[in-house]
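Just start-v1.cif here, mmCIF, C-alpha atoms:
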data_upload
#
loop_
_atom_site.group_PDB
_atom_site.id
_atom_site.type_symbol
_atom_site.label_atom_id
_atom_site.label_comp_id
_atom_site.auth_asym_id
_atom_site.auth_seq_id
_atom_site.Cartn_x
_atom_site.Cartn_y
_atom_site.Cartn_z
ATOM 1 C CA MET A 1 -2.777 20.197 16.131
ATOM 2 C CA ASP A 2 -1.704 17.408 18.471
ATOM 3 C CA GLN A 3 -1.348 14.293 16.299
ATOM 4 C CA GLN A 4 -1.040 11.919 19.261
ATOM 5 C CA LYS A 5 -4.306 13.234 20.689
ATOM 6 C CA LEU A 6 -6.003 12.784 17.308
ATOM 7 C CA ARG A 7 -4.600 9.238 16.978
ATOM 8 C CA THR A 8 -5.961 8.365 20.419
ATOM 9 C CA LEU A 9 -9.354 9.881 19.629
ATOM 10 C CA VAL A 10 -9.640 7.945 16.355
ATOM 11 C CA PHE A 11 -8.652 4.706 18.105
ATOM 12 C CA GLU A 12 -11.150 5.262 20.941
ATOM 13 C CA LYS A 13 -14.021 6.003 18.553
ATOM 14 C CA THR A 14 -13.311 3.496 15.773
ATOM 15 C CA GLY A 15 -10.767 0.993 17.070
ATOM 16 C CA VAL A 16 -8.532 1.796 14.078
ATOM 17 C CA LYS A 17 -4.877 2.550 14.717
ATOM 18 C CA ILE A 18 -3.359 5.210 12.472
ATOM 19 C CA ASP A 19 0.268 6.220 12.168
ATOM 20 C CA VAL A 20 1.458 9.840 12.434
ATOM 21 C CA ASP A 21 2.700 9.484 8.822
ATOM 22 C CA ASP A 22 -0.797 8.516 7.608
ATOM 23 C CA PRO A 23 -2.128 10.710 4.755
ATOM 24 C CA VAL A 24 -5.237 11.430 6.802
ATOM 25 C CA PHE A 25 -3.187 13.953 8.791
ATOM 26 C CA ALA A 26 -2.644 15.921 5.572
ATOM 27 C CA LEU A 27 -6.410 16.212 5.270
ATOM 28 C CA VAL A 28 -6.672 17.287 8.904
ATOM 29 C CA ALA A 29 -4.049 20.003 8.340
ATOM 30 C CA LEU A 30 -5.814 21.113 5.174
ATOM 31 C CA ASN A 31 -9.136 21.265 6.984
ATOM 32 C CA GLU A 32 -7.538 23.262 9.790
ATOM 33 C CA ALA A 33 -6.107 25.777 7.305
ATOM 34 C CA VAL A 34 -9.446 26.214 5.527
ATOM 35 C CA LEU A 35 -11.245 26.645 8.837
ATOM 36 C CA GLU A 36 -8.709 29.204 10.057
ATOM 37 C CA GLU A 37 -9.085 31.247 6.870
ATOM 38 C CA ALA A 38 -12.887 31.144 7.077
ATOM 39 C CA VAL A 39 -12.850 32.197 10.730
ATOM 40 C CA GLU A 40 -10.545 35.113 9.954
ATOM 41 C CA ARG A 41 -12.843 36.236 7.141
ATOM 42 C CA HIS A 42 -15.926 36.031 9.368
ATOM 43 C CA ILE A 43 -14.210 37.941 12.172
ATOM 44 C CA ALA A 44 -13.286 40.678 9.712
ATOM 45 C CA ALA A 45 -16.885 40.834 8.473
ATOM 46 C CA MET A 46 -18.182 40.993 12.052
ATOM 47 C CA ASP A 47 -15.740 43.794 12.893
ATOM 48 C CA ALA A 48 -16.909 45.759 9.855
ATOM 49 C CA ALA A 49 -20.571 45.218 10.791
ATOM 50 C CA SER A 50 -20.004 46.273 14.399
ATOM 51 C CA ALA A 51 -18.146 49.405 13.254
ATOM 52 C CA GLU A 52 -21.086 50.239 10.978
ATOM 53 C CA LEU A 53 -23.502 49.683 13.871
ATOM 54 C CA VAL A 54 -21.472 51.990 16.130
ATOM 55 C CA GLN A 55 -21.443 54.640 13.409
ATOM 56 C CA SER A 56 -25.219 54.457 12.887
ATOM 57 C CA ALA A 57 -25.818 54.574 16.660
ATOM 58 C CA ARG A 58 -23.598 57.666 16.972
ATOM 59 C CA ALA A 59 -25.440 59.302 14.063
ATOM 60 C CA ALA A 60 -28.810 58.532 15.697
ATOM 61 C CA ALA A 61 -27.579 60.081 18.970
ATOM 62 C CA GLY A 62 -26.323 63.196 17.157
ATOM 63 C CA LEU A 63 -22.677 62.525 17.897
ATOM 64 C CA PRO A 64 -19.961 63.147 15.308
ATOM 65 C CA PRO A 65 -18.851 60.081 13.350
ATOM 66 C CA PRO A 66 -15.706 58.348 14.611
ATOM 67 C CA GLN A 67 -12.434 58.601 12.734
ATOM 68 C CA PRO A 68 -12.401 56.231 9.731
ATOM 69 C CA ALA A 69 -10.689 52.981 10.611
ATOM 70 C CA ALA A 70 -8.306 51.156 8.342
ATOM 71 C CA ALA A 71 -9.561 48.107 6.466
ATOM 72 C CA PRO A 72 -9.506 44.959 8.588
ATOM 73 C CA ALA A 73 -6.165 43.198 8.373
ATOM 74 C CA GLY A 74 -7.609 39.804 7.409
ATOM 75 C CA LEU A 75 -9.643 41.109 4.442
ATOM 76 C CA THR A 76 -7.358 41.769 1.481
ATOM 77 C CA ALA A 77 -7.730 41.505 -2.265
ATOM 78 C CA THR A 78 -6.520 37.901 -2.214
ATOM 79 C CA THR A 79 -8.918 36.816 0.543
ATOM 80 C CA ALA A 80 -11.952 38.876 -0.443
ATOM 81 C CA PRO A 81 -14.987 36.630 -0.859
ATOM 82 C CA SER A 82 -16.104 35.810 -4.381
ATOM 83 C CA ALA A 83 -19.684 35.746 -5.632
ATOM 84 C CA PHE A 84 -20.424 32.612 -3.586
ATOM 85 C CA GLY A 85 -18.820 33.991 -0.412
ATOM 86 C CA ILE A 86 -15.741 31.803 -0.788
ATOM 87 C CA ALA A 87 -12.300 33.343 -1.105
ATOM 88 C CA PRO A 88 -10.005 32.256 -3.963
ATOM 89 C CA ARG A 89 -7.601 30.692 -1.468
ATOM 90 C CA GLU A 90 -10.444 28.590 -0.084
ATOM 91 C CA TRP A 91 -11.317 27.423 -3.614
ATOM 92 C CA ARG A 92 -7.720 26.282 -4.087
ATOM 93 C CA LEU A 93 -7.740 24.476 -0.745
ATOM 94 C CA LEU A 94 -11.056 22.817 -1.569
ATOM 95 C CA ALA A 95 -9.681 21.698 -4.934
ATOM 96 C CA ALA A 96 -6.594 20.271 -3.222
ATOM 97 C CA ALA A 97 -8.767 18.431 -0.689
ATOM 98 C CA ALA A 98 -10.925 17.016 -3.497
ATOM 99 C CA ALA A 99 -7.835 15.857 -5.398
ATOM 100 C CA ILE A 100 -6.406 14.174 -2.291
ATOM 101 C CA SER A 101 -9.749 12.481 -1.614
ATOM 102 C CA LEU A 102 -9.967 11.245 -5.198
ATOM 103 C CA LEU A 103 -6.413 9.895 -5.143
ATOM 104 C CA THR A 104 -7.063 8.158 -1.816
ATOM 105 C CA ALA A 105 -10.223 6.532 -3.197
ATOM 106 C CA LEU A 106 -8.340 5.337 -6.273
ATOM 107 C CA LEU A 107 -5.593 3.919 -4.062
ATOM 108 C CA VAL A 108 -8.158 1.992 -1.998
ATOM 109 C CA LEU A 109 -9.831 0.609 -5.129
ATOM 110 C CA ALA A 110 -6.467 -0.440 -6.567
ATOM 111 C CA GLY A 111 -5.627 -2.219 -3.302
ATOM 112 C CA GLN A 112 -8.939 -4.058 -3.328
ATOM 113 C CA ALA A 113 -8.441 -5.107 -6.933
ATOM 114 C CA ALA A 114 -4.911 -6.338 -6.204
ATOM 115 C CA PHE A 115 -5.844 -8.478 -3.207
ATOM 116 C CA ARG A 116 -9.268 -9.786 -4.254
ATOM 117 C CA PRO A 117 -9.413 -13.298 -5.735
ATOM 118 C CA ALA A 118 -9.699 -13.127 -9.522
ATOM 119 C CA GLY A 119 -12.341 -15.865 -10.003
ATOM 120 C CA LEU A 120 -13.555 -19.271 -8.935
ATOM 121 C CA SER A 121 -11.123 -22.034 -8.131
ATOM 122 C CA ALA A 122 -11.108 -25.315 -10.099
ATOM 123 C CA ALA A 123 -12.882 -27.134 -7.250
ATOM 124 C CA GLN A 124 -15.607 -24.482 -7.108
ATOM 125 C CA THR A 125 -16.137 -24.667 -10.867
ATOM 126 C CA GLN A 126 -16.368 -28.471 -10.729
ATOM 127 C CA SER A 127 -18.884 -28.301 -7.841
ATOM 128 C CA LEU A 128 -21.084 -25.916 -9.799
ATOM 129 C CA HIS A 129 -20.939 -28.176 -12.852
ATOM 130 C CA GLU A 130 -21.921 -31.225 -10.770
ATOM 131 C CA ALA A 131 -24.770 -29.286 -9.137
ATOM 132 C CA GLU A 132 -26.112 -28.365 -12.581
ATOM 133 C CA LYS A 133 -25.991 -32.018 -13.677
ATOM 134 C CA LEU A 134 -27.856 -33.065 -10.491
ATOM 135 C CA LYS A 135 -30.509 -30.420 -11.125
ATOM 136 C CA GLN A 136 -31.065 -31.778 -14.644
ATOM 137 C CA ALA A 137 -31.205 -35.369 -13.362
ATOM 138 C CA ILE A 138 -33.758 -34.482 -10.674
ATOM 139 C CA GLY A 139 -35.873 -32.748 -13.313
ATOM 140 C CA LYS A 140 -36.071 -36.026 -15.300
ATOM 141 C CA LEU A 141 -37.428 -38.063 -12.343
ATOM 142 C CA GLU A 142 -41.113 -38.897 -12.043
ATOM 143 C CA PRO A 143 -43.061 -36.307 -10.017
ATOM 144 C CA ARG A 144 -43.550 -38.367 -6.817
ATOM 145 C CA LEU A 145 -39.875 -39.330 -6.590
ATOM 146 C CA ARG A 146 -38.786 -35.779 -7.540
ATOM 147 C CA ALA A 147 -40.871 -34.378 -4.636
ATOM 148 C CA GLU A 148 -39.255 -36.821 -2.199
ATOM 149 C CA VAL A 149 -35.727 -35.965 -3.373
ATOM 150 C CA GLU A 150 -36.422 -32.216 -3.162
ATOM 151 C CA ALA A 151 -37.873 -32.682 0.339
ATOM 152 C CA GLN A 152 -34.704 -34.537 1.398
ATOM 153 C CA LEU A 153 -32.531 -31.780 -0.078
ATOM 154 C CA GLN A 154 -34.408 -29.156 1.951
ATOM 155 C CA LYS A 155 -33.441 -30.840 5.258
#
Could you quickly redo this structure as structure tokens?
Amino acid sequence: MDQQKLRTLVFEKTGVKIDVDDPVFALVALNEAVLEEAVERHIAAMDAASAELVQSARAAAGLPPPQPAAAPAGLTATTAPSAFGIAPREWRLLAAAAAISLLTALLVLAGQAAFRPAGLSAAQTQSLHEAEKLKQAIGKLEPRLRAEVEAQLQK
């Protein structure tokens, strides 16, 4: 994984500069590891299926079966797929990725809460109070004058 190439690609597509120490590279490495494991498992399954196909073709042609091959190297007890077709190692990697994503989201929310203004300033509160008083005063005017004032306010 070339981090400089990834940094350049992210900048070209989004305009966002990221540092090589950015936590996003941990997610990239995690994704790469999960993908590598899944590819190895699929290659092992394809090898087993092709060996079975060769054996059935030899049996159909009346040839003797080939010597039994050893189990594929990538398919062991620790990487054997579970009921959902996902190996235990992949479950652990997915859980780690979910935890990292959750922590990153919490960090972003904490940053937003820390740097967002807490409420209205004194001047804003005073302006709202004066606007409310003006609204009440306009409501007490006679209808013709009220219509003229509202028309002037619309301009």
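Coordinates place atom CA of Ala151 of chain A at a distance of 11.9 Å from atom CA of Ile138 of chain A.
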Ground truth for the PyMOL selection byres ((chain A and resi 38) around 10), written as a ChimeraX atom specification: /A:32-37,39-44,79,81,85-87,90
Ile100 of chain A surroundings by only C-alpha atoms, 9 Å radius, close-in-sequence under 3 positions cut, as a ChimeraX atom specification: /A:23,26-27,95-97,103-105
Since we have the selection now, will you write its residues out, keeping C-alpha atoms, as a PDB file, in the coordinates of the input?
ATOM      1  CA  PRO A  23      -2.128  10.710   4.755  1.00  0.00           C
ATOM      2  CA  ALA A  26      -2.644  15.921   5.572  1.00  0.00           C
ATOM      3  CA  LEU A  27      -6.410  16.212   5.270  1.00  0.00           C
ATOM      4  CA  ALA A  95      -9.681  21.698  -4.934  1.00  0.00           C
ATOM      5  CA  ALA A  96      -6.594  20.271  -3.222  1.00  0.00           C
ATOM      6  CA  ALA A  97      -8.767  18.431  -0.689  1.00  0.00           C
ATOM      7  CA  LEU A 103      -6.413   9.895  -5.143  1.00  0.00           C
ATOM      8  CA  THR A 104      -7.063   8.158  -1.816  1.00  0.00           C
ATOM      9  CA  ALA A 105     -10.223   6.532  -3.197  1.00  0.00           C
TER      10      ALA A 105
END
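Atom CA of Ala137 of chain A sits 11.9 Å away from atom CA of Glu150 of chain A.
What separates atom CA of Asp19 of chain A from atom CA of Arg92 of chain A is a distance of 27.0 Å.
Counting all atoms listed in the file, the residue from A:Val10, A:Leu30, A:Ala57, A:Leu102 that sits nearest to Arg89 of chain A is A:Leu30.
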Contacts of segment 121-136 of chain A at 12 Å (only C-alpha atoms; same-chain gap of 6+ positions) as a PyMOL selection string: chain A and resi 146+149-150+153
Contacts of Lys17 of chain A within 12 Å, only C-alpha atoms, excl. fewer than 5 positions in-chain, as a PyMOL selection string: chain A and resi 4+6-12+22+24
Could you dump the residues just selected with C-alpha atoms as a PDB file, in the frame of the given file?
ATOM      1  CA  GLN A   4      -1.040  11.919  19.261  1.00  0.00           C
ATOM      2  CA  LEU A   6      -6.003  12.784  17.308  1.00  0.00           C
ATOM      3  CA  ARG A   7      -4.600   9.238  16.978  1.00  0.00           C
ATOM      4  CA  THR A   8      -5.961   8.365  20.419  1.00  0.00           C
ATOM      5  CA  LEU A   9      -9.354   9.881  19.629  1.00  0.00           C
ATOM      6  CA  VAL A  10      -9.640   7.945  16.355  1.00  0.00           C
ATOM      7  CA  PHE A  11      -8.652   4.706  18.105  1.00  0.00           C
ATOM      8  CA  GLU A  12     -11.150   5.262  20.941  1.00  0.00           C
ATOM      9  CA  ASP A  22      -0.797   8.516   7.608  1.00  0.00           C
ATOM     10  CA  VAL A  24      -5.237  11.430   6.802  1.00  0.00           C
TER      11      VAL A  24
END
Can you report as lines of an AutoDock Vina configuration file the centre and edge lengths in Å, to one decimal, of an axis-aligned box around the listed atoms of segment 21-25 of chain A padded with 4 Å on each side?
center_x = -1.3
center_y = 11.2
center_z = 6.8
size_x = 15.9
size_y = 13.4
size_z = 12.1
